[in-house]
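File shown: input.cif. Contents: mmCIF, C-alpha atoms.
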data_my_file
#
loop_
_atom_site.label_atom_id
_atom_site.label_comp_id
_atom_site.auth_asym_id
_atom_site.auth_seq_id
_atom_site.Cartn_x
_atom_site.Cartn_y
_atom_site.Cartn_z
CA MET A 1 27.45 -77.32 -11.89
CA SER A 2 27.57 -80.82 -13.24
CA THR A 3 29.80 -83.32 -14.95
CA SER A 4 28.58 -85.57 -17.70
CA THR A 5 26.79 -87.91 -15.32
CA ILE A 6 26.65 -86.24 -11.90
CA LYS A 7 24.36 -83.37 -10.95
CA ALA A 8 24.31 -81.89 -7.49
CA ARG A 9 22.23 -79.28 -5.73
CA ILE A 10 23.60 -77.99 -2.47
CA GLN A 11 21.49 -75.87 -0.16
CA LEU A 12 23.32 -74.37 2.78
CA GLY A 13 21.10 -74.03 5.83
CA ASP A 14 21.64 -72.92 9.41
CA HIS A 15 24.45 -74.14 11.69
CA GLY A 16 26.61 -75.34 8.83
CA VAL A 17 24.14 -78.01 7.75
CA ALA A 18 23.94 -78.45 3.98
CA THR A 19 21.16 -80.36 2.28
CA VAL A 20 22.66 -82.06 -0.74
CA ARG A 21 20.75 -83.78 -3.53
CA THR A 22 22.75 -85.51 -6.17
CA LEU A 23 21.58 -87.32 -9.29
CA ILE A 24 23.85 -89.78 -11.07
CA ALA A 25 22.91 -90.75 -14.60
CA HIS A 26 23.61 -94.46 -14.90
CA PRO A 27 21.61 -97.37 -16.35
CA MET A 28 22.06 -99.50 -13.17
CA LEU A 29 21.18 -102.77 -14.85
CA ILE A 30 20.84 -106.10 -13.15
CA ASP A 31 22.21 -109.41 -14.44
CA ARG A 32 19.55 -110.61 -16.88
CA THR A 33 18.87 -112.48 -20.10
CA ASP A 34 17.75 -110.90 -23.32
CA PRO A 35 14.12 -111.98 -23.77
CA LYS A 36 14.50 -112.30 -27.53
CA THR A 37 17.84 -114.03 -27.96
CA GLY A 38 18.30 -115.65 -24.57
CA ALA A 39 21.80 -114.22 -24.31
CA ARG A 40 23.06 -113.20 -20.91
CA LEU A 41 23.33 -109.45 -20.44
CA PRO A 42 25.75 -108.78 -17.61
CA ALA A 43 24.94 -106.45 -14.78
CA HIS A 44 26.13 -102.87 -15.06
CA PHE A 45 25.77 -100.93 -11.86
CA ILE A 46 27.64 -98.51 -9.67
CA GLU A 47 29.54 -100.28 -6.92
CA ASP A 48 31.14 -97.48 -4.95
CA VAL A 49 30.37 -93.82 -4.43
CA GLU A 50 32.73 -91.61 -2.48
CA ILE A 51 31.65 -88.17 -1.28
CA THR A 52 34.32 -85.88 0.07
CA LEU A 53 34.25 -82.47 1.69
CA ASN A 54 37.33 -80.43 0.88
CA GLY A 55 39.14 -83.65 -0.01
CA ILE A 56 38.29 -85.41 3.26
CA PRO A 57 36.12 -88.53 2.81
CA ALA A 58 32.70 -87.82 4.30
CA ILE A 59 30.35 -90.48 2.94
CA SER A 60 31.09 -93.81 1.35
CA LEU A 61 28.36 -95.80 -0.39
CA GLU A 62 28.45 -99.43 -1.47
CA TRP A 63 25.73 -100.29 -3.92
CA GLY A 64 24.47 -103.51 -5.44
CA GLN A 65 22.06 -104.52 -8.15
CA ALA A 66 19.06 -103.38 -6.14
CA VAL A 67 19.67 -99.68 -6.70
CA SER A 68 17.51 -98.27 -9.47
CA THR A 69 18.42 -96.42 -12.64
CA ASN A 70 19.64 -92.85 -12.27
CA PRO A 71 20.02 -92.99 -8.50
CA LEU A 72 19.22 -89.85 -6.61
CA VAL A 73 20.97 -89.51 -3.27
CA ALA A 74 19.94 -86.87 -0.78
CA PHE A 75 21.63 -86.27 2.52
CA GLU A 76 22.51 -83.64 5.09
CA LEU A 77 26.14 -82.81 5.71
CA HIS A 78 27.32 -80.98 8.83
CA GLY A 79 30.21 -78.62 9.17
CA VAL A 80 29.81 -77.04 5.74
CA LYS A 81 30.47 -73.41 4.98
CA ARG A 82 30.50 -71.23 1.91
CA GLY A 83 33.48 -71.91 -0.32
CA ASP A 84 33.78 -75.56 0.62
CA VAL A 85 34.04 -78.06 -2.20
CA LEU A 86 31.97 -81.23 -2.33
CA GLY A 87 33.54 -84.02 -4.34
CA ILE A 88 31.53 -86.92 -5.71
CA ARG A 89 33.15 -89.89 -7.38
CA TRP A 90 31.64 -93.18 -8.50
CA LYS A 91 32.97 -96.42 -9.90
CA ASP A 92 30.90 -99.19 -11.44
CA ASN A 93 31.37 -102.91 -11.81
CA GLN A 94 32.64 -102.57 -15.37
CA GLY A 95 35.41 -100.29 -14.25
CA LYS A 96 33.91 -97.05 -15.56
CA THR A 97 34.21 -94.06 -13.31
CA ASP A 98 33.31 -90.41 -13.10
CA ALA A 99 33.91 -87.63 -10.64
CA GLY A 100 32.79 -84.08 -10.06
CA GLU A 101 33.58 -81.17 -7.80
CA PHE A 102 30.78 -78.92 -6.62
CA PRO A 103 31.52 -75.71 -4.76
CA VAL A 104 29.16 -74.62 -2.04
CA VAL A 105 27.85 -71.18 -2.87
CA MET B 106 -39.36 -83.26 -18.09
CA GLN B 107 -39.40 -79.66 -17.18
CA ARG B 108 -40.65 -78.59 -20.57
CA PHE B 109 -44.13 -79.69 -19.51
CA ASN B 110 -44.12 -76.87 -17.00
CA GLN B 111 -43.71 -74.15 -19.58
CA SER B 112 -46.73 -71.94 -19.98
CA VAL B 113 -46.44 -72.04 -23.74
CA ILE B 114 -45.81 -75.39 -25.41
CA ASN B 115 -44.70 -75.18 -28.98
CA PRO B 116 -46.15 -77.69 -31.44
CA ALA B 117 -42.92 -79.59 -32.04
CA GLU B 118 -42.37 -80.22 -28.37
CA PHE B 119 -46.00 -81.14 -27.93
CA VAL B 120 -45.75 -83.75 -30.65
CA ALA B 121 -42.51 -85.06 -29.27
CA ALA B 122 -43.99 -85.30 -25.83
CA LEU B 123 -46.95 -87.17 -27.24
CA LEU B 124 -44.65 -89.60 -28.96
CA ILE B 125 -42.81 -90.33 -25.77
CA ALA B 126 -45.92 -90.53 -23.67
CA GLY B 127 -47.81 -92.52 -26.28
CA SER B 128 -45.47 -95.29 -27.25
CA VAL B 129 -42.08 -96.53 -26.20
CA THR B 130 -41.35 -97.94 -29.63
CA HIS B 131 -41.45 -94.59 -31.33
CA ALA B 132 -38.66 -92.82 -29.48
CA SER B 133 -36.69 -90.96 -32.12
CA ALA B 134 -33.43 -89.09 -32.13
CA THR B 135 -35.30 -85.82 -31.76
CA ASP B 136 -36.82 -86.94 -28.47
CA ILE B 137 -33.47 -88.00 -27.09
CA ALA B 138 -31.83 -84.77 -28.15
CA GLU B 139 -34.52 -82.70 -26.53
CA THR B 140 -34.26 -84.55 -23.26
CA THR B 141 -30.47 -84.19 -23.04
CA GLN B 142 -29.46 -81.69 -20.45
CA HIS B 143 -26.02 -80.61 -19.46
CA ASP B 144 -25.62 -80.33 -15.75
CA TYR B 145 -22.99 -77.93 -14.61
CA TRP B 146 -21.22 -77.71 -11.33
CA PRO B 147 -21.81 -74.24 -9.90
CA GLY B 148 -19.13 -71.61 -10.19
CA ARG B 149 -18.66 -71.05 -13.92
CA ASP B 150 -19.61 -67.42 -13.63
CA LYS B 151 -17.03 -66.80 -10.92
CA THR B 152 -14.01 -67.70 -13.04
CA ILE B 153 -11.73 -65.04 -14.42
CA PRO B 154 -8.74 -65.65 -16.69
CA HIS B 155 -6.19 -64.60 -14.11
CA VAL B 156 -4.60 -66.38 -11.19
CA SER B 157 -6.06 -63.85 -8.78
CA GLY B 158 -9.47 -65.31 -9.61
CA ASP B 159 -8.72 -67.80 -6.88
CA THR B 160 -10.07 -65.25 -4.40
CA ASN B 161 -13.53 -66.03 -5.76
CA PHE B 162 -13.08 -69.66 -4.79
CA SER B 163 -10.78 -69.98 -1.82
CA ASP B 164 -9.49 -67.63 0.82
CA THR B 165 -5.85 -68.61 0.37
CA TYR B 166 -4.61 -66.56 -2.59
CA GLN B 167 -2.80 -64.06 -0.42
CA ASP B 168 -0.76 -66.91 1.06
CA TRP B 169 0.67 -68.22 -2.19
CA LYS B 170 0.53 -65.46 -4.74
CA ASP B 171 4.31 -65.21 -4.89
CA ALA B 172 7.40 -66.65 -3.26
CA ALA B 173 7.43 -64.02 -0.53
CA ALA B 174 3.83 -64.80 0.36
CA ILE B 175 4.57 -68.54 0.58
CA ALA B 176 7.57 -67.87 2.80
CA ALA B 177 5.49 -65.62 5.04
CA ALA B 178 2.72 -68.22 5.27
CA ARG B 179 5.22 -70.92 6.17
CA ALA B 180 6.84 -68.70 8.76
CA ALA B 181 3.39 -68.09 10.23
CA GLY B 182 3.10 -71.84 10.66
CA LYS B 183 0.54 -72.54 7.96
CA ALA B 184 0.47 -76.15 6.83
CA SER B 185 0.28 -77.17 3.22
CA HIS B 186 -3.46 -77.78 3.22
CA GLU B 187 -4.08 -74.34 4.66
CA VAL B 188 -2.49 -72.70 1.66
CA ASN B 189 -4.46 -74.72 -0.85
CA PHE B 190 -1.49 -77.09 -1.40
CA LYS B 191 0.11 -74.40 -3.53
CA ASP B 192 3.34 -74.29 -1.57
CA PHE B 193 5.47 -77.34 -2.20
CA ARG B 194 5.52 -77.20 -5.97
CA TRP B 195 7.09 -73.79 -5.69
CA LEU B 196 9.65 -74.49 -3.06
CA VAL B 197 11.62 -77.25 -4.72
CA LYS B 198 12.76 -77.76 -8.26
CA SER B 199 12.82 -81.33 -9.49
CA LEU B 200 16.29 -82.82 -9.83
CA ASP B 201 15.14 -85.97 -11.66
CA ALA B 202 13.65 -83.86 -14.41
CA GLU B 203 17.10 -82.49 -15.24
CA LEU B 204 17.90 -85.72 -17.06
CA VAL B 205 14.71 -85.44 -19.08
CA ILE B 206 15.62 -81.88 -20.01
CA ASP B 207 19.07 -83.07 -21.06
CA GLU B 208 17.45 -85.65 -23.28
CA GLY B 209 15.10 -83.00 -24.63
CA ARG B 210 18.07 -80.78 -25.43
CA GLU B 211 19.68 -83.65 -27.28
CA VAL B 212 16.50 -84.25 -29.31
CA PHE B 213 16.29 -80.52 -29.99
CA HIS B 214 19.73 -80.60 -31.57
CA ARG B 215 19.28 -83.95 -33.29
CA GLN B 216 19.81 -83.54 -37.02
CA ASN B 217 17.80 -85.29 -39.65
CA ALA B 218 19.16 -86.57 -42.96
CA ASN B 219 19.45 -83.03 -44.31
CA GLY B 220 21.33 -81.76 -41.30
CA GLN B 221 18.31 -79.85 -40.04
CA SER B 222 17.27 -79.83 -36.42
CA CYS B 223 15.00 -77.74 -34.25
CA ALA B 224 18.02 -75.60 -33.50
CA SER B 225 18.36 -74.69 -37.18
CA CYS B 226 15.35 -72.38 -36.87
CA HIS B 227 14.93 -71.89 -33.15
CA GLY B 228 18.53 -71.19 -32.29
CA GLU B 229 21.21 -73.03 -30.38
CA ASN B 230 19.89 -74.08 -27.00
CA GLY B 231 16.48 -72.77 -27.98
CA GLU B 232 17.50 -69.12 -27.91
CA LYS B 233 14.48 -67.97 -29.86
CA LEU B 234 12.04 -70.06 -27.84
CA LYS B 235 12.76 -68.49 -24.49
CA GLY B 236 9.47 -67.50 -22.94
CA ALA B 237 7.43 -69.04 -25.74
CA TYR B 238 5.78 -71.59 -23.49
CA ALA B 239 4.29 -68.86 -21.33
CA ASN B 240 2.18 -67.88 -24.35
CA LEU B 241 1.09 -71.38 -25.27
CA PRO B 242 -1.61 -72.48 -26.13
CA LYS B 243 -2.07 -70.00 -28.91
CA PHE B 244 -3.89 -69.68 -32.19
CA ASN B 245 -1.82 -70.89 -35.11
CA GLU B 246 -3.01 -68.85 -38.11
CA ARG B 247 -1.57 -71.13 -40.72
CA LEU B 248 -3.19 -74.23 -39.21
CA GLY B 249 -6.35 -72.35 -38.35
CA ARG B 250 -6.68 -73.81 -34.87
CA VAL B 251 -5.49 -73.33 -31.33
CA VAL B 252 -2.43 -75.48 -30.63
CA VAL B 253 -0.76 -76.63 -27.46
CA GLY B 254 2.95 -77.35 -27.11
CA PRO B 255 2.97 -81.04 -28.10
CA SER B 256 0.68 -80.40 -31.09
CA GLN B 257 2.90 -77.57 -32.30
CA ILE B 258 5.96 -79.77 -31.97
CA GLU B 259 4.26 -82.57 -33.88
CA VAL B 260 3.28 -80.28 -36.76
CA CYS B 261 6.61 -78.47 -36.91
CA ALA B 262 8.64 -81.66 -36.75
CA SER B 263 6.67 -83.56 -39.34
CA GLU B 264 6.37 -80.69 -41.81
CA ARG B 265 9.78 -79.10 -41.52
CA LEU B 266 12.07 -81.84 -40.30
CA GLY B 267 10.36 -84.82 -41.84
CA GLN B 268 10.20 -86.47 -38.43
CA GLN B 269 7.08 -88.54 -38.69
CA ASP B 270 7.56 -90.23 -35.36
CA TRP B 271 7.38 -87.18 -33.10
CA ARG B 272 3.62 -87.32 -32.68
CA VAL B 273 2.02 -86.29 -29.42
CA ASP B 274 2.54 -88.80 -26.64
CA THR B 275 5.75 -90.19 -28.11
CA ARG B 276 8.94 -90.02 -26.12
CA ALA B 277 10.66 -87.53 -28.42
CA ASN B 278 7.65 -85.26 -28.36
CA SER B 279 7.28 -85.37 -24.59
CA VAL B 280 10.94 -84.73 -23.78
CA LEU B 281 11.04 -81.92 -26.35
CA ASP B 282 7.94 -80.42 -24.77
CA MET B 283 9.67 -80.55 -21.39
CA TYR B 284 12.81 -78.95 -22.81
CA VAL B 285 10.96 -76.13 -24.55
CA ALA B 286 8.91 -75.49 -21.43
CA SER B 287 12.08 -75.31 -19.34
CA LEU B 288 13.21 -72.41 -21.52
CA SER B 289 10.27 -70.44 -20.15
CA ASP B 290 11.08 -71.05 -16.50
CA GLY B 291 10.29 -67.86 -14.61
CA HIS B 292 8.36 -66.21 -17.43
CA VAL B 293 4.91 -64.97 -16.47
CA VAL B 294 2.03 -66.77 -18.16
CA ASP B 295 0.11 -64.53 -20.53
CA ILE B 296 -2.69 -66.03 -22.60
CA ASP B 297 -4.84 -63.34 -24.18
CA VAL B 298 -8.40 -64.58 -23.86
CA GLY B 299 -9.92 -61.13 -23.46
CA THR B 300 -9.90 -60.20 -27.13
CA ASP B 301 -12.61 -61.81 -29.21
CA GLY B 302 -11.19 -64.62 -31.23
CA PRO B 303 -10.40 -68.33 -31.27
CA LEU B 304 -8.54 -68.23 -27.97
CA LYS B 305 -11.45 -66.61 -26.19
CA THR B 306 -13.84 -69.12 -27.72
CA ALA B 307 -11.58 -71.94 -26.60
CA TYR B 308 -11.35 -70.46 -23.11
CA LEU B 309 -15.12 -70.29 -22.74
CA LYS B 310 -15.57 -73.77 -24.13
CA GLY B 311 -12.87 -75.12 -21.85
CA ARG B 312 -14.49 -73.41 -18.91
CA ASP B 313 -17.81 -75.03 -19.72
CA LEU B 314 -16.16 -78.43 -20.14
CA PHE B 315 -14.37 -78.03 -16.84
CA PHE B 316 -17.64 -77.43 -15.04
CA LYS B 317 -19.76 -79.92 -16.97
CA ARG B 318 -20.80 -83.06 -15.17
CA THR B 319 -20.09 -86.23 -17.08
CA GLY B 320 -19.08 -89.83 -16.76
CA GLN B 321 -20.06 -92.64 -14.46
CA PHE B 322 -19.87 -90.53 -11.33
CA HIS B 323 -21.55 -87.55 -12.97
CA TYR B 324 -18.66 -85.42 -11.74
CA ALA B 325 -17.21 -82.36 -13.31
CA CYS B 326 -13.56 -81.42 -13.03
CA ALA B 327 -14.83 -78.65 -10.80
CA SER B 328 -16.42 -81.18 -8.45
CA CYS B 329 -12.99 -81.84 -6.99
CA HIS B 330 -11.17 -78.67 -7.96
CA THR B 331 -13.42 -76.15 -6.24
CA PRO B 332 -14.31 -75.78 -2.57
CA PRO B 333 -15.30 -77.60 -0.44
CA THR B 334 -13.22 -80.46 -1.88
CA VAL B 335 -10.00 -78.46 -2.29
CA GLY B 336 -7.65 -78.39 0.63
CA ASN B 337 -8.63 -81.89 1.67
CA TYR B 338 -7.22 -85.29 0.81
CA LEU B 339 -8.97 -87.33 -1.84
CA ARG B 340 -7.94 -90.91 -2.72
CA GLY B 341 -4.41 -90.15 -1.67
CA GLN B 342 -4.15 -86.94 -3.66
CA ARG B 343 -4.45 -83.30 -2.79
CA PRO B 344 -6.97 -81.44 -4.93
CA THR B 345 -6.50 -77.74 -5.29
CA THR B 346 -8.23 -74.99 -7.23
CA PHE B 347 -7.40 -74.66 -10.90
CA PHE B 348 -5.61 -71.34 -10.62
CA GLY B 349 -1.87 -71.18 -11.13
CA ASP B 350 -1.01 -74.87 -11.43
CA ALA B 351 -0.98 -74.99 -15.22
CA SER B 352 2.22 -72.95 -15.15
CA GLN B 353 4.07 -75.95 -13.71
CA TYR B 354 3.26 -78.29 -16.57
CA PRO B 355 4.78 -80.30 -18.18
CA ILE B 356 5.81 -81.87 -14.93
CA TYR B 357 8.13 -84.73 -14.11
CA HIS B 358 5.67 -87.23 -12.74
CA PHE B 359 7.80 -89.39 -10.50
CA PRO B 360 7.37 -92.32 -10.08
CA TYR B 361 4.80 -93.12 -12.77
CA ALA B 362 6.18 -94.00 -16.15
CA LEU B 363 4.47 -93.45 -19.44
CA PRO B 364 3.26 -96.79 -20.75
CA GLY B 365 5.93 -98.59 -22.69
CA ASP B 366 8.57 -96.14 -21.54
CA ASP B 367 11.46 -96.58 -19.18
CA LEU B 368 12.56 -93.19 -18.03
CA ALA B 369 10.68 -90.27 -19.53
CA HIS B 370 8.12 -89.63 -16.83
CA VAL B 371 6.88 -86.44 -18.42
CA PHE B 372 3.29 -85.43 -17.81
CA THR B 373 2.00 -82.75 -20.11
CA LEU B 374 -1.06 -80.85 -18.99
CA GLN B 375 -3.27 -83.02 -21.18
CA HIS B 376 -1.70 -86.16 -19.71
CA GLN B 377 -2.79 -84.82 -16.36
CA ILE B 378 -6.30 -84.16 -17.61
CA ARG B 379 -6.48 -87.66 -19.04
CA SER B 380 -5.28 -89.10 -15.78
CA CYS B 381 -7.92 -87.15 -13.87
CA GLN B 382 -10.57 -88.25 -16.36
CA GLN B 383 -9.68 -91.89 -15.94
CA LEU B 384 -9.74 -91.68 -12.16
CA SER B 385 -13.10 -89.92 -12.25
CA ARG B 386 -14.60 -92.48 -14.60
CA MET B 387 -14.98 -90.12 -17.54
CA HIS B 388 -14.11 -90.94 -21.10
CA GLN B 389 -10.54 -89.87 -21.68
CA GLY B 390 -9.98 -87.17 -24.27
CA THR B 391 -7.45 -87.54 -27.05
CA GLU B 392 -4.21 -85.64 -26.69
CA GLY B 393 -4.33 -82.62 -28.95
CA SER B 394 -8.05 -82.78 -29.71
CA PRO B 395 -10.05 -79.52 -29.82
CA SER B 396 -11.90 -80.16 -26.58
CA MET B 397 -8.75 -81.10 -24.65
CA THR B 398 -7.05 -78.05 -26.11
CA ALA B 399 -9.97 -75.94 -24.95
CA ILE B 400 -9.62 -77.24 -21.40
CA GLU B 401 -5.90 -76.53 -21.54
CA VAL B 402 -6.56 -72.97 -22.69
CA PHE B 403 -8.93 -72.53 -19.77
CA LEU B 404 -6.43 -73.89 -17.25
CA LYS B 405 -3.46 -72.02 -18.66
CA ALA B 406 -5.40 -68.75 -18.77
CA SER B 407 -6.37 -69.35 -15.15
CA ALA B 408 -2.64 -69.09 -14.45
CA ASN B 409 -2.27 -65.71 -16.15
CA GLY B 410 0.00 -63.52 -14.08
CA TYR B 411 1.76 -66.47 -12.47
CA PRO B 412 5.37 -67.34 -13.32
CA MET B 413 6.19 -70.64 -14.96
CA SER B 414 8.19 -73.10 -12.92
CA ILE B 415 9.74 -75.89 -14.92
CA PRO B 416 10.91 -78.40 -13.76
CA THR B 417 9.13 -78.55 -10.46
CA GLN B 418 8.85 -81.27 -7.87
CA GLN B 419 5.54 -82.98 -8.18
CA TYR B 420 4.94 -84.39 -4.75
CA ASN B 421 5.40 -82.93 -1.34
CA LEU B 422 8.28 -84.97 0.01
CA ASP B 423 8.52 -82.82 3.11
CA THR B 424 6.63 -84.71 5.77
CA ASP B 425 7.32 -82.36 8.66
CA TYR B 426 3.70 -81.33 8.60
CA LEU B 427 2.74 -84.82 9.76
CA GLU B 428 4.58 -84.29 12.97
CA GLN B 429 2.85 -81.09 13.90
#

Write-out of the structure in structure tokens:
Amino acid sequence: MSTSTIKARIQLGDHGVATVRTLIAHPMLIDRTDPKTGARLPAHFIEDVEITLNGIPAISLEWGQAVSTNPLVAFELHGVKRGDVLGIRWKDNQGKTDAGEFPVV
Amino acid sequence: MQRFNQSVINPAEFVAALLIAGSVTHASATDIAETTQHDYWPGRDKTIPHVSGDTNFSDTYQDWKDAAAIAAARAAGKASHEVNFKDFRWLVKSLDAELVIDEGREVFHRQNANGQSCASCHGENGEKLKGAYANLPKFNERLGRVVVGPSQIEVCASERLGQQDWRVDTRANSVLDMYVASLSDGHVVDIDVGTDGPLKTAYLKGRDLFFKRTGQFHYACASCHTPPTVGNYLRGQRPTTFFGDASQYPIYHFPYALPGDDLAHVFTLQHQIRSCQQLSRMHQGTEGSPSMTAIEVFLKASANGYPMSIPTQQYNLDTDYLEQ
């Protein structure tokens, strides 16, 4: 399952512990100047990522310019069972946003 | 020179030997050619074009021959180096590579000025190419030579789509190669090198090249990729035997980028060979050349009977074994 920018792989292990790997396609650009024209190219990076389990906020991430392009986040989440829904939403500094829902199978 | 030890010396050799012995200023091309020897690493005769040939080289084949075997070996507590490092690339699929495959899909459906794209002939989402990569490299009758994936893409794209910039090693070519290979995920590799023909010739030549010593270190590929070097750590890498691994290429080679590129970290099998050549101080082959193609045929045929796994994780990110 994936949205246009978010991919997630959820592996349910023992004792309700799920190993989640999620990849977010985003340029994640720092504030910089164009080497040819000298114009300032503003930063474009994800500021906030919210991960919810069945609608309840589980993980909240605050990112800055140091995070690289196409960030891959991997984590373990406890208390997960089959049928639960993992929600991932991000918002960047230019106001763009995307969200996806990923059922645990 | 060992020719002096022959019981019968033919006149030409005698004269050549005289020339060398007699005067250093008269060394001719004939003398140099006759003194050139190819040293081979031992083991050429033990290779067979099937992944089970690994039993001739290491005693680990039973531990990694399929997913069940790997699981059983892990359950028995075997560490990665005890199963010839053939475990981790099978356990985890690469997530980063998914973006490359998406880009490859986009290039596959990209239309040229006439509205033609790869999909025009090969079907939406590569329908007609499913499983094709498990039979590459193969002999292209029209071109009259054995081709590997990137070469085939280059020829097809330039002749039929007019895309002159999809040569081997370009971004479009590499991501397309990754996409087409991903359509063969799970298909069992089958390169027919048993029947006499160009593929068999390429296999034998590739086998000889793989075992031939060359370069500054006078190493062969086999110097590192046969026991006793396999299963150990070598300059931060983990050499393994040459059986089975070709079915995981092209591979997403995190975190090294192709030169001049920003995101497409795709390593085709020949990229990998070139990388190995550079690190072993050999002259790097050219992507798509006959000798590199021959080595690729040899490696791919050594994975016969093994399922393809694209995209696969390149490095073992599971460090639990360090804590054992």

>> Selection in question (the file shown): the PyMOL selection byres ((chain A) within 12 of (chain B)). Which residues does it include, as a list of chain:residue names?
In response: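 Answer for the PyMOL selection byres ((chain A) within 12 of (chain B)): A:Ser2, A:Ser4, A:Thr5, A:Ile6, A:Lys7, A:Ala8, A:Arg9, A:Ile10, A:Gln11, A:Val20, A:Arg21, A:Thr22, A:Leu23, A:Ile24, A:Ala25, A:His26, A:Pro27, A:Ser68, A:Thr69, A:Asn70, A:Pro71, A:Leu72, A:Val73, A:Ala74.
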
> If you count all atoms listed in the file, which residues fall within 6 Å of stretch 404-413 of chain B, apart from same-chain ones fewer than 4 positions away, as a PyMOL selection string?
Replying inline: chain B and resi 154-156+290-296+348-349+351-353

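As for atom CA of B:Arg265 and atom CA of B:Ala307, they are spaced 27.0 Å apart.
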
How big is the axis-aligned box around the listed atoms of stretch 57-71 of chain A once 8 Å is added on each side, and where is its centre? Give both in Å to one decimal, as AutoDock Vina command-line options.
--center_x 26.8 --center_y -96.2 --center_z -4.2 --size_x 34.6 --size_y 32.7 --size_z 32.9

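Between atom CA of B:Gly341 and atom CA of B:Ser279 the interatomic distance comes to 26.2 Å.
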
> Could you spell out the hits of the PyMOL selection byres ((chain A and resi 86-103) around 10) on the shown file, as a PyMOL selection string?
Replying inline: chain A and resi 1-10+20+22+24+26+28+42-64+80+82-85+104-105

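Applied to this file, the PyMOL selection byres ((chain B and resi 145) around 6) selects Asp144, Trp146, Phe316, Lys317 and Arg318 of chain B.
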
> Expressed in Å to a single decimal, how great is the separation between atom CA of B:Asp274 and atom CA of B:Thr346?
Replying inline: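 Between atom CA of B:Asp274 and atom CA of B:Thr346 the gap is 26.1 Å.
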
Got a sec to check which residues sit within 12 Å of (-4.6, -69.6, 7.8), counting all atoms listed in the file, and write them as a PDB file with C-alpha atoms, keeping the file's coordinate frame?
ATOM      1  CA  SER B 163     -10.780 -69.980  -1.820  1.00  0.00           C
ATOM      2  CA  ASP B 164      -9.490 -67.630   0.820  1.00  0.00           C
ATOM      3  CA  THR B 165      -5.850 -68.610   0.370  1.00  0.00           C
ATOM      4  CA  TYR B 166      -4.610 -66.560  -2.590  1.00  0.00           C
ATOM      5  CA  GLN B 167      -2.800 -64.060  -0.420  1.00  0.00           C
ATOM      6  CA  ASP B 168      -0.760 -66.910   1.060  1.00  0.00           C
ATOM      7  CA  TRP B 169       0.670 -68.220  -2.190  1.00  0.00           C
ATOM      8  CA  ILE B 175       4.570 -68.540   0.580  1.00  0.00           C
ATOM      9  CA  ALA B 177       5.490 -65.620   5.040  1.00  0.00           C
ATOM     10  CA  ALA B 178       2.720 -68.220   5.270  1.00  0.00           C
ATOM     11  CA  ARG B 179       5.220 -70.920   6.170  1.00  0.00           C
ATOM     12  CA  ALA B 180       6.840 -68.700   8.760  1.00  0.00           C
ATOM     13  CA  ALA B 181       3.390 -68.090  10.230  1.00  0.00           C
ATOM     14  CA  GLY B 182       3.100 -71.840  10.660  1.00  0.00           C
ATOM     15  CA  LYS B 183       0.540 -72.540   7.960  1.00  0.00           C
ATOM     16  CA  ALA B 184       0.470 -76.150   6.830  1.00  0.00           C
ATOM     17  CA  SER B 185       0.280 -77.170   3.220  1.00  0.00           C
ATOM     18  CA  HIS B 186      -3.460 -77.780   3.220  1.00  0.00           C
ATOM     19  CA  GLU B 187      -4.080 -74.340   4.660  1.00  0.00           C
ATOM     20  CA  VAL B 188      -2.490 -72.700   1.660  1.00  0.00           C
ATOM     21  CA  ASN B 189      -4.460 -74.720  -0.850  1.00  0.00           C
ATOM     22  CA  GLY B 336      -7.650 -78.390   0.630  1.00  0.00           C
TER      23      GLY B 336
END

>> Counting all atoms listed in the file, which residue out of B:Lys170, B:Lys235, B:Ile258, B:Asp192 sits closest to B:Thr345?
In response: B:Asp192

>> Considering all atoms listed in the file, can you say which of B:Tyr354, B:Phe315, B:Phe372, B:Phe403 comes closest to B:Ala239?
In response: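 Of B:Tyr354, B:Phe315, B:Phe372, B:Phe403, the one nearest B:Ala239 is B:Tyr354, counting all atoms listed in the file.
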
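Using all atoms listed in the file for every distance, the candidate list B:Ile378, B:Leu266, B:Val252, B:Ala172 yields B:Ala172 as the residue closest to B:Val197.
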
> Contacts of B:Gly320 at 12 Å or less, counting all atoms listed in the file, minus same-chain residues fewer than 5 places along, as a list in words?
Replying inline: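 Those residues are His143, Asp144, Ala325, Cys326, Cys381, Gln382, Gln383, Leu384, Ser385, Arg386, Met387, His388 and Gln389 of chain B.
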
Can those selected residues be exported to a file as a CSV table (one decimal), keeping the file's coordinate frame so that it contains C-alpha atoms?
chain,number,residue,atom,x,y,z
B,143,HIS,CA,-26.0,-80.6,-19.5
B,144,ASP,CA,-25.6,-80.3,-15.8
B,325,ALA,CA,-17.2,-82.4,-13.3
B,326,CYS,CA,-13.6,-81.4,-13.0
B,381,CYS,CA,-7.9,-87.2,-13.9
B,382,GLN,CA,-10.6,-88.2,-16.4
B,383,GLN,CA,-9.7,-91.9,-15.9
B,384,LEU,CA,-9.7,-91.7,-12.2
B,385,SER,CA,-13.1,-89.9,-12.2
B,386,ARG,CA,-14.6,-92.5,-14.6
B,387,MET,CA,-15.0,-90.1,-17.5
B,388,HIS,CA,-14.1,-90.9,-21.1
B,389,GLN,CA,-10.5,-89.9,-21.7

> Got a sec to check which residues sit within 12 Å of (26.8, -75.8, 13.6), counting all atoms listed in the file, and write them as a list of chain:residue names?
Replying inline: A:Leu12, A:Gly13, A:Asp14, A:His15, A:Gly16, A:Val17, A:Ala18, A:Leu77, A:His78, A:Gly79, A:Val80, A:Lys81
